[in-house]
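Participant: Okay, so here is start27.txt, and as you'll see once you scroll down, it has compact mmCIF, N, CA and C atoms.
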# COMPACT_ATOMS: atom_id res chain seq x y z
N MET A 319 5.46 -7.47 15.81
CA MET A 319 4.56 -7.59 14.68
C MET A 319 4.88 -6.49 13.67
N HIS A 320 5.05 -6.90 12.43
CA HIS A 320 5.31 -5.92 11.37
C HIS A 320 4.01 -5.35 10.82
N LYS A 321 4.09 -4.08 10.42
CA LYS A 321 3.00 -3.45 9.68
C LYS A 321 3.51 -3.23 8.26
N ILE A 322 2.84 -3.85 7.31
CA ILE A 322 3.27 -3.80 5.92
C ILE A 322 2.30 -2.94 5.11
N TYR A 323 2.85 -1.96 4.41
CA TYR A 323 2.06 -1.09 3.53
C TYR A 323 2.09 -1.70 2.14
N LEU A 324 0.93 -2.01 1.58
CA LEU A 324 0.81 -2.58 0.25
C LEU A 324 0.50 -1.46 -0.73
N SER A 325 1.46 -1.17 -1.59
CA SER A 325 1.34 -0.06 -2.53
C SER A 325 1.14 -0.58 -3.95
N GLY A 326 0.29 0.11 -4.70
CA GLY A 326 0.07 -0.26 -6.10
C GLY A 326 -1.12 0.48 -6.67
N PRO A 327 -1.37 0.28 -7.95
CA PRO A 327 -2.47 0.99 -8.61
C PRO A 327 -3.84 0.50 -8.13
N LEU A 328 -4.81 1.43 -8.09
CA LEU A 328 -6.17 1.13 -7.61
C LEU A 328 -7.24 1.79 -8.48
N PHE A 329 -7.01 1.90 -9.77
CA PHE A 329 -7.91 2.70 -10.60
C PHE A 329 -8.85 1.90 -11.49
N SER A 330 -8.75 0.58 -11.46
CA SER A 330 -9.68 -0.23 -12.24
C SER A 330 -10.05 -1.46 -11.41
N ARG A 331 -11.10 -2.12 -11.82
CA ARG A 331 -11.52 -3.32 -11.09
C ARG A 331 -10.44 -4.39 -11.11
N SER A 332 -9.74 -4.51 -12.24
CA SER A 332 -8.69 -5.53 -12.31
C SER A 332 -7.52 -5.18 -11.41
N GLU A 333 -7.15 -3.90 -11.28
CA GLU A 333 -6.07 -3.50 -10.38
C GLU A 333 -6.46 -3.77 -8.92
N ILE A 334 -7.71 -3.49 -8.59
CA ILE A 334 -8.18 -3.75 -7.22
C ILE A 334 -8.22 -5.25 -6.96
N ALA A 335 -8.67 -6.03 -7.94
CA ALA A 335 -8.70 -7.49 -7.78
C ALA A 335 -7.30 -8.04 -7.59
N TRP A 336 -6.32 -7.53 -8.35
CA TRP A 336 -4.94 -7.98 -8.20
C TRP A 336 -4.41 -7.60 -6.80
N GLY A 337 -4.70 -6.39 -6.36
CA GLY A 337 -4.30 -5.98 -5.02
C GLY A 337 -4.89 -6.86 -3.94
N GLU A 338 -6.15 -7.25 -4.10
CA GLU A 338 -6.78 -8.15 -3.13
C GLU A 338 -6.08 -9.51 -3.10
N ARG A 339 -5.67 -10.01 -4.27
CA ARG A 339 -4.96 -11.28 -4.33
C ARG A 339 -3.60 -11.19 -3.64
N VAL A 340 -2.89 -10.10 -3.88
CA VAL A 340 -1.58 -9.92 -3.25
C VAL A 340 -1.75 -9.77 -1.74
N ARG A 341 -2.74 -8.99 -1.30
CA ARG A 341 -3.00 -8.81 0.13
C ARG A 341 -3.31 -10.16 0.78
N SER A 342 -4.18 -10.96 0.15
CA SER A 342 -4.53 -12.28 0.69
C SER A 342 -3.31 -13.19 0.75
N PHE A 343 -2.49 -13.14 -0.29
CA PHE A 343 -1.26 -13.94 -0.31
C PHE A 343 -0.37 -13.58 0.88
N LEU A 344 -0.18 -12.28 1.12
CA LEU A 344 0.66 -11.84 2.23
C LEU A 344 0.05 -12.24 3.58
N LYS A 345 -1.25 -12.04 3.74
CA LYS A 345 -1.91 -12.38 5.01
C LYS A 345 -1.81 -13.87 5.31
N ASP A 346 -1.94 -14.70 4.28
CA ASP A 346 -1.87 -16.15 4.48
C ASP A 346 -0.48 -16.61 4.91
N ARG A 347 0.55 -15.92 4.44
CA ARG A 347 1.91 -16.37 4.70
C ARG A 347 2.61 -15.62 5.83
N LEU A 348 2.10 -14.48 6.18
CA LEU A 348 2.72 -13.67 7.24
C LEU A 348 1.70 -13.44 8.34
N GLU A 349 1.42 -14.46 9.08
CA GLU A 349 0.36 -14.42 10.09
C GLU A 349 0.62 -13.38 11.19
N ASP A 350 1.88 -13.07 11.42
CA ASP A 350 2.21 -12.11 12.48
C ASP A 350 2.31 -10.68 11.97
N ALA A 351 1.90 -10.43 10.72
CA ALA A 351 2.00 -9.09 10.15
C ALA A 351 0.61 -8.50 9.91
N GLU A 352 0.53 -7.20 10.03
CA GLU A 352 -0.69 -6.48 9.68
C GLU A 352 -0.46 -5.85 8.30
N ILE A 353 -1.38 -6.10 7.37
CA ILE A 353 -1.26 -5.57 6.02
C ILE A 353 -2.15 -4.33 5.91
N ILE A 354 -1.53 -3.20 5.57
CA ILE A 354 -2.25 -1.95 5.38
C ILE A 354 -2.34 -1.70 3.88
N TRP A 355 -3.54 -1.66 3.36
CA TRP A 355 -3.77 -1.46 1.93
C TRP A 355 -4.56 -0.17 1.75
N PRO A 356 -4.04 0.79 0.99
CA PRO A 356 -4.72 2.08 0.83
C PRO A 356 -6.18 1.97 0.41
N HIS A 357 -6.51 0.94 -0.35
CA HIS A 357 -7.89 0.75 -0.80
C HIS A 357 -8.86 0.59 0.37
N GLU A 358 -8.35 0.17 1.52
CA GLU A 358 -9.19 -0.08 2.69
C GLU A 358 -9.05 0.97 3.79
N ILE A 359 -8.19 1.95 3.61
CA ILE A 359 -7.92 2.91 4.69
C ILE A 359 -9.09 3.87 4.89
N VAL A 360 -9.57 4.47 3.81
CA VAL A 360 -10.68 5.42 3.88
C VAL A 360 -11.71 5.05 2.82
N PRO A 361 -12.96 5.44 3.02
CA PRO A 361 -13.98 5.14 2.01
C PRO A 361 -13.68 5.83 0.69
N CYS A 362 -14.09 5.20 -0.41
CA CYS A 362 -13.78 5.75 -1.73
C CYS A 362 -14.47 7.09 -1.98
N HIS A 363 -15.50 7.42 -1.23
CA HIS A 363 -16.16 8.72 -1.42
C HIS A 363 -15.47 9.85 -0.65
N ALA A 364 -14.39 9.54 0.06
CA ALA A 364 -13.64 10.57 0.80
C ALA A 364 -12.98 11.53 -0.19
N GLY A 365 -12.71 12.72 0.27
CA GLY A 365 -12.07 13.71 -0.57
C GLY A 365 -10.58 13.46 -0.72
N PRO A 366 -9.96 14.09 -1.72
CA PRO A 366 -8.53 13.87 -1.98
C PRO A 366 -7.63 14.18 -0.77
N GLU A 367 -7.92 15.24 -0.05
CA GLU A 367 -7.08 15.61 1.10
C GLU A 367 -7.19 14.56 2.20
N GLN A 368 -8.39 14.07 2.45
CA GLN A 368 -8.58 13.04 3.49
C GLN A 368 -7.86 11.75 3.09
N ILE A 369 -7.96 11.38 1.83
CA ILE A 369 -7.28 10.17 1.35
C ILE A 369 -5.77 10.33 1.48
N PHE A 370 -5.25 11.48 1.05
CA PHE A 370 -3.81 11.73 1.12
C PHE A 370 -3.30 11.66 2.55
N GLN A 371 -3.97 12.35 3.47
CA GLN A 371 -3.53 12.39 4.86
C GLN A 371 -3.58 11.00 5.50
N ALA A 372 -4.61 10.22 5.19
CA ALA A 372 -4.70 8.86 5.73
C ALA A 372 -3.56 7.98 5.21
N ASN A 373 -3.22 8.14 3.94
CA ASN A 373 -2.13 7.34 3.37
C ASN A 373 -0.78 7.75 3.95
N VAL A 374 -0.55 9.05 4.12
CA VAL A 374 0.71 9.51 4.71
C VAL A 374 0.83 8.98 6.14
N GLN A 375 -0.26 9.01 6.90
CA GLN A 375 -0.23 8.48 8.26
C GLN A 375 0.13 6.99 8.25
N ALA A 376 -0.47 6.25 7.32
CA ALA A 376 -0.17 4.82 7.21
C ALA A 376 1.29 4.59 6.84
N LEU A 377 1.83 5.41 5.95
CA LEU A 377 3.23 5.29 5.56
C LEU A 377 4.16 5.49 6.75
N HIS A 378 3.78 6.37 7.66
CA HIS A 378 4.57 6.60 8.87
C HIS A 378 4.47 5.43 9.84
N GLU A 379 3.31 4.80 9.91
CA GLU A 379 3.07 3.74 10.88
C GLU A 379 3.66 2.39 10.46
N CYS A 380 3.85 2.19 9.16
CA CYS A 380 4.33 0.89 8.67
C CYS A 380 5.86 0.85 8.65
N ASP A 381 6.40 -0.38 8.77
CA ASP A 381 7.85 -0.52 8.77
C ASP A 381 8.38 -1.24 7.53
N ILE A 382 7.50 -1.81 6.72
CA ILE A 382 7.88 -2.48 5.48
C ILE A 382 6.85 -2.11 4.41
N MET A 383 7.31 -1.99 3.17
CA MET A 383 6.40 -1.76 2.05
C MET A 383 6.57 -2.88 1.04
N VAL A 384 5.44 -3.37 0.53
CA VAL A 384 5.42 -4.24 -0.64
C VAL A 384 4.78 -3.40 -1.74
N ALA A 385 5.56 -3.15 -2.79
CA ALA A 385 5.08 -2.28 -3.87
C ALA A 385 4.86 -3.10 -5.13
N MET A 386 3.64 -3.04 -5.66
CA MET A 386 3.30 -3.72 -6.91
C MET A 386 3.74 -2.81 -8.06
N LEU A 387 4.84 -3.17 -8.69
CA LEU A 387 5.47 -2.32 -9.69
C LEU A 387 5.42 -2.91 -11.10
N ASP A 388 4.61 -3.95 -11.28
CA ASP A 388 4.55 -4.60 -12.59
C ASP A 388 3.67 -3.80 -13.55
N GLY A 389 3.76 -4.16 -14.82
CA GLY A 389 2.98 -3.47 -15.84
C GLY A 389 3.87 -2.61 -16.71
N PRO A 390 3.28 -1.98 -17.72
CA PRO A 390 4.08 -1.18 -18.66
C PRO A 390 4.64 0.10 -18.03
N GLN A 391 4.02 0.58 -16.98
CA GLN A 391 4.48 1.80 -16.31
C GLN A 391 4.10 1.72 -14.84
N VAL A 392 5.00 2.13 -13.97
CA VAL A 392 4.71 2.13 -12.53
C VAL A 392 3.64 3.19 -12.26
N ASP A 393 2.66 2.84 -11.45
CA ASP A 393 1.61 3.76 -11.05
C ASP A 393 2.22 5.00 -10.39
N ASP A 394 1.74 6.19 -10.77
CA ASP A 394 2.29 7.44 -10.23
C ASP A 394 2.22 7.51 -8.71
N GLY A 395 1.08 7.12 -8.16
CA GLY A 395 0.91 7.16 -6.70
C GLY A 395 1.84 6.18 -6.00
N ALA A 396 1.97 4.98 -6.57
CA ALA A 396 2.87 3.99 -5.98
C ALA A 396 4.32 4.48 -6.04
N ALA A 397 4.69 5.12 -7.14
CA ALA A 397 6.05 5.65 -7.26
C ALA A 397 6.30 6.71 -6.18
N TRP A 398 5.32 7.57 -5.94
CA TRP A 398 5.47 8.59 -4.89
C TRP A 398 5.58 7.93 -3.53
N GLU A 399 4.73 6.92 -3.26
CA GLU A 399 4.77 6.23 -1.98
C GLU A 399 6.12 5.55 -1.75
N VAL A 400 6.67 4.94 -2.79
CA VAL A 400 7.98 4.29 -2.67
C VAL A 400 9.04 5.33 -2.31
N GLY A 401 9.03 6.47 -2.99
CA GLY A 401 9.99 7.53 -2.69
C GLY A 401 9.85 8.05 -1.27
N TYR A 402 8.62 8.27 -0.84
CA TYR A 402 8.35 8.77 0.51
C TYR A 402 8.82 7.77 1.56
N PHE A 403 8.54 6.50 1.32
CA PHE A 403 8.93 5.43 2.25
C PHE A 403 10.45 5.30 2.29
N PHE A 404 11.07 5.35 1.11
CA PHE A 404 12.53 5.26 1.02
C PHE A 404 13.18 6.39 1.80
N ARG A 405 12.63 7.58 1.70
CA ARG A 405 13.18 8.76 2.40
C ARG A 405 13.16 8.56 3.91
N GLN A 406 12.23 7.73 4.39
CA GLN A 406 12.16 7.43 5.82
C GLN A 406 13.17 6.35 6.23
N GLY A 407 13.89 5.79 5.25
CA GLY A 407 14.88 4.77 5.55
C GLY A 407 14.29 3.40 5.85
N LYS A 408 13.11 3.15 5.33
CA LYS A 408 12.43 1.88 5.61
C LYS A 408 12.62 0.90 4.45
N LYS A 409 12.38 -0.38 4.72
CA LYS A 409 12.56 -1.45 3.74
C LYS A 409 11.40 -1.50 2.75
N ILE A 410 11.75 -1.69 1.47
CA ILE A 410 10.77 -1.78 0.38
C ILE A 410 11.05 -3.03 -0.43
N LEU A 411 10.01 -3.79 -0.69
CA LEU A 411 10.10 -4.95 -1.57
C LEU A 411 9.22 -4.66 -2.78
N GLY A 412 9.83 -4.60 -3.96
CA GLY A 412 9.08 -4.29 -5.18
C GLY A 412 8.87 -5.51 -6.01
Reformat the file's structure so that it appears as structure tokens.
Facilitator:
Amino acid sequence: MHKIYLSGPLFSRSEIAWGERVRSFLKDRLEDAEIIWPHEIVPCHAGPEQIFQANVQALHECDIMVAMLDGPQVDDGAAWEVGYFFRQGKKILG
């Protein structure tokens, strides 16, 4: 079973709605995969350090990343996650 990290912007309602659509799309088509989405890892009221540590742990546990890179500029956090994942030698689909 693959664990897929879904990376992308999460700073507006529309970005979260798009992420939910992408997550649902992946879940519907990849029944044997677990989708890890940072928006669901820790509660939004968690502190920055707790959020960061939870995301880094998820990046280590996943073996594939799907990165939402569309828009006029790639989200800073997503860009960092892609670099971190790449450094681990793991597969990334953008």
Participant: Between segment 373-404 of chain A and segment 327-344 of chain A, at 6.5 Å or less, what are the per-residue closest atom pairs and their distances in Å? Count only N, CA and C atoms, order by chain and rising residue number, and return it as CSV.
Facilitator:
residue,atom,partner,partner_atom,distance
A:Met386,C,A:Pro327,N,6.0
A:Asp393,CA,A:Pro327,CA,5.5
A:Ala396,N,A:Pro327,N,5.9
Participant: Write out the residues from the selection above, keeping N, CA and C atoms, as a JSON list (two decimals), in the frame of the given file.
Facilitator:
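Produced file again_11.json, reproduced below:
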[["chain", "number", "residue", "atom", "x", "y", "z"],
["A", 386, "MET", "N", 3.64, -3.04, -5.66],
["A", 386, "MET", "CA", 3.30, -3.72, -6.91],
["A", 386, "MET", "C", 3.74, -2.81, -8.06],
["A", 393, "ASP", "N", 2.66, 2.84, -11.45],
["A", 393, "ASP", "CA", 1.61, 3.76, -11.05],
["A", 393, "ASP", "C", 2.22, 5.00, -10.39],
["A", 396, "ALA", "N", 1.97, 4.98, -6.57],
["A", 396, "ALA", "CA", 2.87, 3.99, -5.98],
["A", 396, "ALA", "C", 4.32, 4.48, -6.04]]
Participant: Of the candidates A:Asn373, A:Ile410, A:Glu358, A:Arg347, which shows the shortest atom-to-atom distance to Ala385 of chain A, using all atoms listed in the file?
Facilitator: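 Distance minimum relative to Ala385 of chain A lands on A:Ile410.
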Participant: Give me the residues within 6.5 Å of Lys408 of chain A as a list of chain:residue names, counting only N, CA and C atoms and dropping any in the same chain fewer than 4 places off.
Facilitator: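 The neighbour list is A:Asp381, A:Ile382, A:Met383, A:Phe403, A:Phe404.
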Participant: Give the answer as one residue: which of A:Pro356, A:Gly412, A:His363, A:Met319 has the shortest atom-to-atom distance to Val384 of chain A, using only C-alpha atoms?
Facilitator: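 Using only C-alpha atoms, the shortest distance to Val384 of chain A belongs to A:Gly412.
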Participant: Which of these, A:Cys362, A:His320, A:Trp398, A:Glu379, has the shortest distance to Asp350 of chain A once you count all atoms listed in the file?
Facilitator: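 Of A:Cys362, A:His320, A:Trp398, A:Glu379, the one nearest Asp350 of chain A, counting all atoms listed in the file, is A:His320.
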Participant: Quote the spacing between atom CA of Gly365 of chain A and atom C of Leu377 of chain A in Å to one decimal place.
Facilitator: 19.6 Å
Participant: Could you check how far atom CA of Pro390 of chain A sits from atom CA of Glu367 of chain A, in Å to one decimal?
Facilitator: 28.2 Å
Participant: Check the smallest atom-to-atom distance from each of A:Cys380, A:Val392, A:Leu411, A:Ile322 to Trp355 of chain A using all atoms listed in the file, then report the winner.
Facilitator: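 Of A:Cys380, A:Val392, A:Leu411, A:Ile322, the one nearest Trp355 of chain A, counting all atoms listed in the file, is A:Ile322.
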Participant: Mind listing the strand (DSSP E) residues of chain A, per DSSP on the backbone, as a PyMOL selection string?
Facilitator: chain A and resi 320-325+351-354+382-385+409-411
Participant: Provide the atom CA of Tyr402 of chain A to atom C of Ser325 of chain A distance in Å, to one decimal place.
Facilitator: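 Atom C of Ser325 of chain A lies 12.6 Å from atom CA of Tyr402 of chain A.
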Participant: Looking only at the backbone, which of the residues in chain A does DSSP tag as alpha helix (DSSP H), as a PyMOL selection string?
Facilitator: chain A and resi 331-347+356-359+366-379+394-405
Participant: Return segment 337-362 of chain A, completed with N, CA, C and O atoms, as a CSV table (one decimal), keeping the file's coordinate frame.
Facilitator:
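Dumped everything to out_12.csv:
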chain,number,residue,atom,x,y,z
A,337,GLY,N,-4.7,-6.4,-6.4
A,337,GLY,CA,-4.3,-6.0,-5.0
A,337,GLY,C,-4.9,-6.9,-3.9
A,337,GLY,O,-4.2,-7.2,-3.0
A,338,GLU,N,-6.2,-7.2,-4.1
A,338,GLU,CA,-6.8,-8.2,-3.1
A,338,GLU,C,-6.1,-9.5,-3.1
A,338,GLU,O,-5.9,-10.1,-2.0
A,339,ARG,N,-5.7,-10.0,-4.3
A,339,ARG,CA,-5.0,-11.3,-4.3
A,339,ARG,C,-3.6,-11.2,-3.6
A,339,ARG,O,-3.2,-12.1,-2.9
A,340,VAL,N,-2.9,-10.1,-3.9
A,340,VAL,CA,-1.6,-9.9,-3.2
A,340,VAL,C,-1.8,-9.8,-1.7
A,340,VAL,O,-1.0,-10.4,-1.0
A,341,ARG,N,-2.7,-9.0,-1.3
A,341,ARG,CA,-3.0,-8.8,0.1
A,341,ARG,C,-3.3,-10.2,0.8
A,341,ARG,O,-2.8,-10.5,1.8
A,342,SER,N,-4.2,-11.0,0.2
A,342,SER,CA,-4.5,-12.3,0.7
A,342,SER,C,-3.3,-13.2,0.8
A,342,SER,O,-3.1,-13.9,1.7
A,343,PHE,N,-2.5,-13.1,-0.3
A,343,PHE,CA,-1.3,-13.9,-0.3
A,343,PHE,C,-0.4,-13.6,0.9
A,343,PHE,O,0.1,-14.5,1.6
A,344,LEU,N,-0.2,-12.3,1.1
A,344,LEU,CA,0.7,-11.8,2.2
A,344,LEU,C,0.0,-12.2,3.6
A,344,LEU,O,0.8,-12.7,4.5
A,345,LYS,N,-1.2,-12.0,3.7
A,345,LYS,CA,-1.9,-12.4,5.0
A,345,LYS,C,-1.8,-13.9,5.3
A,345,LYS,O,-1.6,-14.3,6.5
A,346,ASP,N,-1.9,-14.7,4.3
A,346,ASP,CA,-1.9,-16.2,4.5
A,346,ASP,C,-0.5,-16.6,4.9
A,346,ASP,O,-0.3,-17.6,5.6
A,347,ARG,N,0.6,-15.9,4.4
A,347,ARG,CA,1.9,-16.4,4.7
A,347,ARG,C,2.6,-15.6,5.8
A,347,ARG,O,3.6,-16.1,6.4
A,348,LEU,N,2.1,-14.5,6.2
A,348,LEU,CA,2.7,-13.7,7.2
A,348,LEU,C,1.7,-13.4,8.3
A,348,LEU,O,1.2,-12.3,8.5
A,349,GLU,N,1.4,-14.5,9.1
A,349,GLU,CA,0.4,-14.4,10.1
A,349,GLU,C,0.6,-13.4,11.2
A,349,GLU,O,-0.3,-12.9,11.8
A,350,ASP,N,1.9,-13.1,11.4
A,350,ASP,CA,2.2,-12.1,12.5
A,350,ASP,C,2.3,-10.7,12.0
A,350,ASP,O,2.7,-9.8,12.7
A,351,ALA,N,1.9,-10.4,10.7
A,351,ALA,CA,2.0,-9.1,10.2
A,351,ALA,C,0.6,-8.5,9.9
A,351,ALA,O,-0.3,-9.2,9.6
A,352,GLU,N,0.5,-7.2,10.0
A,352,GLU,CA,-0.7,-6.5,9.7
A,352,GLU,C,-0.5,-5.8,8.3
A,352,GLU,O,0.5,-5.2,8.1
A,353,ILE,N,-1.4,-6.1,7.4
A,353,ILE,CA,-1.3,-5.6,6.0
A,353,ILE,C,-2.2,-4.3,5.9
A,353,ILE,O,-3.4,-4.4,6.1
A,354,ILE,N,-1.5,-3.2,5.6
A,354,ILE,CA,-2.2,-2.0,5.4
A,354,ILE,C,-2.3,-1.7,3.9
A,354,ILE,O,-1.3,-1.6,3.2
A,355,TRP,N,-3.5,-1.7,3.4
A,355,TRP,CA,-3.8,-1.5,1.9
A,355,TRP,C,-4.6,-0.2,1.8
A,355,TRP,O,-5.7,0.0,2.3
A,356,PRO,N,-4.0,0.8,1.0
A,356,PRO,CA,-4.7,2.1,0.8
A,356,PRO,C,-6.2,2.0,0.4
A,356,PRO,O,-7.0,2.8,0.8
A,357,HIS,N,-6.5,0.9,-0.4
A,357,HIS,CA,-7.9,0.8,-0.8
A,357,HIS,C,-8.9,0.6,0.4
A,357,HIS,O,-10.0,0.9,0.3
A,358,GLU,N,-8.4,0.2,1.5
A,358,GLU,CA,-9.2,-0.1,2.7
A,358,GLU,C,-9.0,1.0,3.8
A,358,GLU,O,-9.7,0.9,4.8
A,359,ILE,N,-8.2,2.0,3.6
A,359,ILE,CA,-7.9,2.9,4.7
A,359,ILE,C,-9.1,3.9,4.9
A,359,ILE,O,-9.5,4.1,6.0
A,360,VAL,N,-9.6,4.5,3.8
A,360,VAL,CA,-10.7,5.4,3.9
A,360,VAL,C,-11.7,5.0,2.8
A,360,VAL,O,-11.4,4.4,1.8
A,361,PRO,N,-13.0,5.4,3.0
A,361,PRO,CA,-14.0,5.1,2.0
A,361,PRO,C,-13.7,5.8,0.7
A,361,PRO,O,-13.1,6.9,0.7
A,362,CYS,N,-14.1,5.2,-0.4
A,362,CYS,CA,-13.8,5.8,-1.7
A,362,CYS,C,-14.5,7.1,-2.0
A,362,CYS,O,-14.0,7.9,-2.8
